[in-house]
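Let me begin by presenting the structure, written as structure tokens, before commenting on it.
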Amino acid sequence: MASSLLTKPFVGASSSGEPSRFASLRHSDLRSANLRISTHRRSPPKKLEIQAAGSTYGNYFRVTTFGESHGGGVGCTIDGCPPRIPISEAELQVDLDRRRPGQSRITTPRKETDTCRIYSGVADGYTTGSPIMIKVPNTDQRGKDYSEMSMAYRPSHADATYDFKYGVRSVEGGGRSSARETIGRVASGALAKKILKAYSGTEILAYVSQAHKVVLPEGLVDHETLTLEQVESNIVRCPNPEYAEKMIAAIDAVRVRGDSVGGVVTCIVRNAPRGLGSPVFDKLEAELAKAAMSLPATKGFEFGSGFGGTFLTGSEHNDEFYKDESGRIRTRTNRSGGIQGGISNGEIINMRIGFKPTSTISRKQNTVTRDKHETELIARGRHDPCVVPRAVPMVEAMVALVLVDQLMAQYAQCQLFPINPEFQEPLQREPAHRYTGVHQT
């Protein structure tokens, strides 16, 4: 028994027939090392299990995205979604239309309807509790636009690092590094937003607060009254009309030169339940930062006072508590951004995510080929001169996925037994059916 086990190659042996440094061990090597091996089996051997890395987010509301920019299609699977939630393809399509390409002159001209189809997990218009699969086909592909890029790396693009890591890459459209991958996030995020709104009246809204050097001053947007209609009133998704025109002009100026610019998306959360977030490693702001920074082209994350808070003293920065007219404990200011100690405190959660300029531009740049020769590259294809306007629904989706996952975690741990009414309040402020008609059984 022991002999047969010892002569088998260890995990990691070379597939070319050349033994690895582990597989070359023999009985003599083991005896000289004074190893003692017991042939008595005390328990069955454990199976080697490897989980797919990098494409799944969430512990309770688990979302896995799949697909590539120029493959057959893209989408997601959702596992752990509560049953009896009314949902339709038309509802998901609303946010997908906000994300899709070809919306205006300041987005990529690629023409995709991004029409989604639900393949499983929904029956008679309600979620069943089983895994949900959503898919969107790719229909407007131009693989020939990437012929030059198959030989040379685009500066600041993931072309090179995918090769460095995997030794192979999907050239057309950038494969998984393409923003087209975010379709699965936006579709699942639309469902997450509906659950949050139905359960606790939670609203998530994002908007563009900076495009290139045009910065929307703080205070011009009222986060208490901001509406989706205000955000969607212009092609750049800035709720202030004056600054929206300035941002559009800034993007147009570089677009006609074949260049690109970056910017900032601000996201707010109203009516977030208190108690979301699990210290110490799963603090709410840490989960939000991870989720936001997983989006393509992201370069920075701030919440609350952000880096500006470092210029203040404690007395200037602290949010003083008070009791409002209904008896709830509130804070007079909100420099904490709605999160303290990694736990939501019931105030408006606010954060800002910085996006870099689109790396694929139609201007000549110096680069290196895959076989390590220096060269010049003018990238072809259809790309956003500024990714920020289309990133708005992507940010909302990732924030929703974090909050619904944390809501389910909070309910599992802290709502299982009766709450302490002196300090805690219910997560659910009103019965769910009073918000969106969630099916009651």
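Residues in the structure tokens are named by chain (A, B, ... in the order shown) and by number from 1 within that chain; ligands are numbered from 1 in the order shown.
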
Item to check | Contacts of His212 in chain A at 10 Å (only C-alpha atoms; same-chain gap of 2+ positions) as a count of residues only | outcome: 17

Next on the checklist: Env of Lys283 in chain A: 10 Å cut, atoms = only C-alpha atoms, seq-sep filter 3 positions within chain, self excluded. Answer as a PyMOL selection string.
Outcome noted: chain A and resi 276-280+286-289+339-344+406

Would you mind exporting all heavy atoms of the selected residues as a tab-separated table (two decimals), in the first residue's frame?
```tsv
chain	number	residue	atom	x	y	z
A	276	LEU	N	-24.80	47.09	9.44
A	276	LEU	CA	-24.18	46.34	8.35
A	276	LEU	C	-22.66	46.47	8.43
A	276	LEU	O	-22.12	47.55	8.70
A	276	LEU	CB	-24.66	46.83	7.00
A	276	LEU	CG	-26.17	46.81	6.75
A	276	LEU	CD1	-26.46	47.12	5.30
A	276	LEU	CD2	-26.77	45.47	7.15
A	277	GLY	N	-21.96	45.38	8.17
A	277	GLY	CA	-20.51	45.35	8.27
A	277	GLY	C	-20.08	44.43	9.38
A	277	GLY	O	-20.72	44.38	10.44
A	278	SER	N	-19.00	43.68	9.17
A	278	SER	CA	-18.55	42.68	10.15
A	278	SER	C	-17.08	42.90	10.48
A	278	SER	O	-16.20	42.42	9.77
A	278	SER	CB	-18.76	41.26	9.59
A	278	SER	OG	-20.11	41.04	9.27
A	279	PRO	N	-16.80	43.65	11.56
A	279	PRO	CA	-15.40	43.83	11.96
A	279	PRO	C	-14.78	42.48	12.30
A	279	PRO	O	-15.49	41.57	12.73
A	279	PRO	CB	-15.50	44.73	13.19
A	279	PRO	CG	-16.85	45.39	13.05
A	279	PRO	CD	-17.72	44.39	12.40
A	280	VAL	N	-13.46	42.31	12.11
A	280	VAL	CA	-12.58	43.41	11.79
A	280	VAL	C	-12.13	43.43	10.33
A	280	VAL	O	-11.79	44.49	9.79
A	280	VAL	CB	-11.32	43.39	12.69
A	280	VAL	CG1	-11.70	43.65	14.15
A	280	VAL	CG2	-10.57	42.07	12.58
A	286	ALA	N	-14.42	48.53	4.01
A	286	ALA	CA	-13.42	47.67	3.37
A	286	ALA	C	-14.05	46.86	2.25
A	286	ALA	O	-13.46	46.69	1.17
A	286	ALA	CB	-12.77	46.76	4.40
A	287	GLU	N	-15.25	46.34	2.48
A	287	GLU	CA	-15.95	45.58	1.45
A	287	GLU	C	-16.35	46.48	0.28
A	287	GLU	O	-16.25	46.09	-0.89
A	287	GLU	CB	-17.18	44.90	2.04
A	287	GLU	CG	-16.87	43.76	2.98
A	287	GLU	CD	-16.15	42.63	2.27
A	287	GLU	OE1	-16.65	42.13	1.25
A	287	GLU	OE2	-15.06	42.24	2.73
A	288	LEU	N	-16.80	47.69	0.60
A	288	LEU	CA	-17.16	48.63	-0.46
A	288	LEU	C	-15.94	49.00	-1.30
A	288	LEU	O	-16.02	49.10	-2.53
A	288	LEU	CB	-17.79	49.89	0.13
A	288	LEU	CG	-19.19	49.71	0.73
A	288	LEU	CD1	-19.58	50.95	1.52
A	288	LEU	CD2	-20.22	49.43	-0.36
A	289	ALA	N	-14.81	49.20	-0.63
A	289	ALA	CA	-13.58	49.55	-1.35
A	289	ALA	C	-13.16	48.41	-2.27
A	289	ALA	O	-12.80	48.63	-3.43
A	289	ALA	CB	-12.46	49.88	-0.36
A	339	ILE	N	-20.55	55.40	8.15
A	339	ILE	CA	-19.93	54.18	8.66
A	339	ILE	C	-18.96	54.54	9.78
A	339	ILE	O	-18.13	55.42	9.62
A	339	ILE	CB	-19.15	53.44	7.54
A	339	ILE	CG1	-20.07	53.12	6.36
A	339	ILE	CG2	-18.52	52.15	8.07
A	339	ILE	CD1	-19.33	52.58	5.14
A	340	GLN	N	-19.09	53.87	10.90
A	340	GLN	CA	-18.16	54.07	12.03
A	340	GLN	C	-17.74	52.72	12.57
A	340	GLN	O	-18.59	51.86	12.83
A	340	GLN	CB	-18.83	54.92	13.13
A	340	GLN	CG	-19.09	56.36	12.68
A	340	GLN	CD	-19.97	57.13	13.64
A	340	GLN	OE1	-20.87	56.57	14.27
A	340	GLN	NE2	-19.73	58.43	13.75
A	341	GLY	N	-16.44	52.52	12.73
A	341	GLY	CA	-15.94	51.24	13.19
A	341	GLY	C	-16.22	50.09	12.24
A	341	GLY	O	-16.26	48.93	12.64
A	342	GLY	N	-16.44	50.42	10.96
A	342	GLY	CA	-16.75	49.39	9.96
A	342	GLY	C	-18.20	48.97	9.94
A	342	GLY	O	-18.55	48.01	9.26
A	343	ILE	N	-19.08	49.70	10.67
A	343	ILE	CA	-20.50	49.35	10.79
A	343	ILE	C	-21.34	50.55	10.39
A	343	ILE	O	-21.07	51.69	10.80
A	343	ILE	CB	-20.84	48.93	12.24
A	343	ILE	CG1	-19.97	47.74	12.66
A	343	ILE	CG2	-22.32	48.62	12.38
A	343	ILE	CD1	-20.08	47.40	14.14
A	344	SER	N	-22.38	50.33	9.58
A	344	SER	CA	-23.26	51.43	9.17
A	344	SER	C	-24.00	51.99	10.37
A	344	SER	O	-24.45	51.26	11.24
A	344	SER	CB	-24.25	50.95	8.11
A	344	SER	OG	-25.05	49.89	8.61
A	406	GLN	N	-24.12	41.91	3.03
A	406	GLN	CA	-23.95	42.27	4.44
A	406	GLN	C	-25.29	42.25	5.19
A	406	GLN	O	-25.34	41.94	6.38
A	406	GLN	CB	-23.30	43.64	4.56
A	406	GLN	CG	-21.85	43.68	4.11
A	406	GLN	CD	-20.94	42.85	5.02
A	406	GLN	OE1	-21.17	42.75	6.23
A	406	GLN	NE2	-19.92	42.25	4.44
```

Item to check | Residue neighbourhood range 189-198 of chain A, 10 Å, only C-alpha atoms, exclusion window fewer than 6 positions, as number ranges by chain | outcome: A: 61, 63, 78, 81-82, 85-88, 91-96, 183, 204, 270-273, 393-405, 407, 428, 430-438

Item to check | Nearby residues (only C-alpha atoms) at most 10 Å from range 420-426 of chain A, same-chain spacing under 6 positions excluded, as number ranges by chain | outcome: A: 200, 273-275, 328-329, 411, 414

Go ahead and save the picked residues with C-alpha atoms, as a PDB file, in the first residue's frame.
```pdb
ATOM      1  CA  SER A 200     -35.516  48.484   4.113  1.00  0.00           C
ATOM      2  CA  PRO A 273     -29.959  49.703   7.826  1.00  0.00           C
ATOM      3  CA  ARG A 274     -27.830  50.192  10.898  1.00  0.00           C
ATOM      4  CA  GLY A 275     -25.466  47.381  11.783  1.00  0.00           C
ATOM      5  CA  ARG A 328     -33.501  58.009  17.068  1.00  0.00           C
ATOM      6  CA  ILE A 329     -29.831  58.622  17.769  1.00  0.00           C
ATOM      7  CA  TYR A 411     -29.745  38.956   9.664  1.00  0.00           C
ATOM      8  CA  CYS A 414     -27.750  39.277  14.918  1.00  0.00           C
TER       9      CYS A 414
END
```

Item to check | Residue nearest His317 in chain A among A:Arg390, A:Lys165, A:Arg332, A:Arg99 (counting only C-alpha atoms) | outcome: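 Of A:Arg390, A:Lys165, A:Arg332, A:Arg99, the one nearest His317 in chain A is A:Arg332, counting only C-alpha atoms.
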
Item to check | Minimum-distance residue to Val168 in chain A, chosen among A:Gln103, A:Arg370, A:Leu416, A:Glu68 (using only C-alpha atoms) | outcome: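 Checking each of A:Gln103, A:Arg370, A:Leu416, A:Glu68 against Val168 in chain A, counting only C-alpha atoms, the winner is A:Arg370.
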
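Each of A:Gly309, A:Gly125, A:Gly73, A:Gly304 was compared to Glu89 in chain A using only C-alpha atoms, and A:Gly125 turns out to be the nearest.
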
Checklist entry - If you measure from CA of Ala253 in chain A to CA of Arg237 in chain A, what distance in Å do you get, rounded to one decimal? => result 17.8 Å

Item to check | All residues 9 Å or closer to Glu112 in chain A, only C-alpha atoms, same chain fewer than 3 positions away omitted, as a list in words | outcome: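 Within the cut-off, the hits are Arg100, Pro101, Gly102, Thr115, Pro137, Asn138, Thr139 and Asp140 of chain A.
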
Item to check | Among listed residues A:Gly201, A:Ser55, A:Ala211, A:Pro296, nearest Glu245 in chain A (using only C-alpha atoms) | outcome: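 With only C-alpha atoms as the atom set, the closest residue is A:Ala211.
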
Next on the checklist: Considering only strand (DSSP E or B) as DSSP defines it on the backbone, what residues of range 139-348 of chain A qualify? List them as an NGL selection string.
Outcome noted: :A and (152 or 203-211 or 214-215 or 263-270 or 278 or 282 or 298-303 or 321-323 or 329-331 or 339-340 or 343-344)

Checklist entry - How many Å lie between CA of Asp319 in chain A and CA of Ile348 in chain A, rounded to one decimal? => result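 Taking CA of Asp319 in chain A as the start and CA of Ile348 in chain A as the end point, the length is 13.0 Å.
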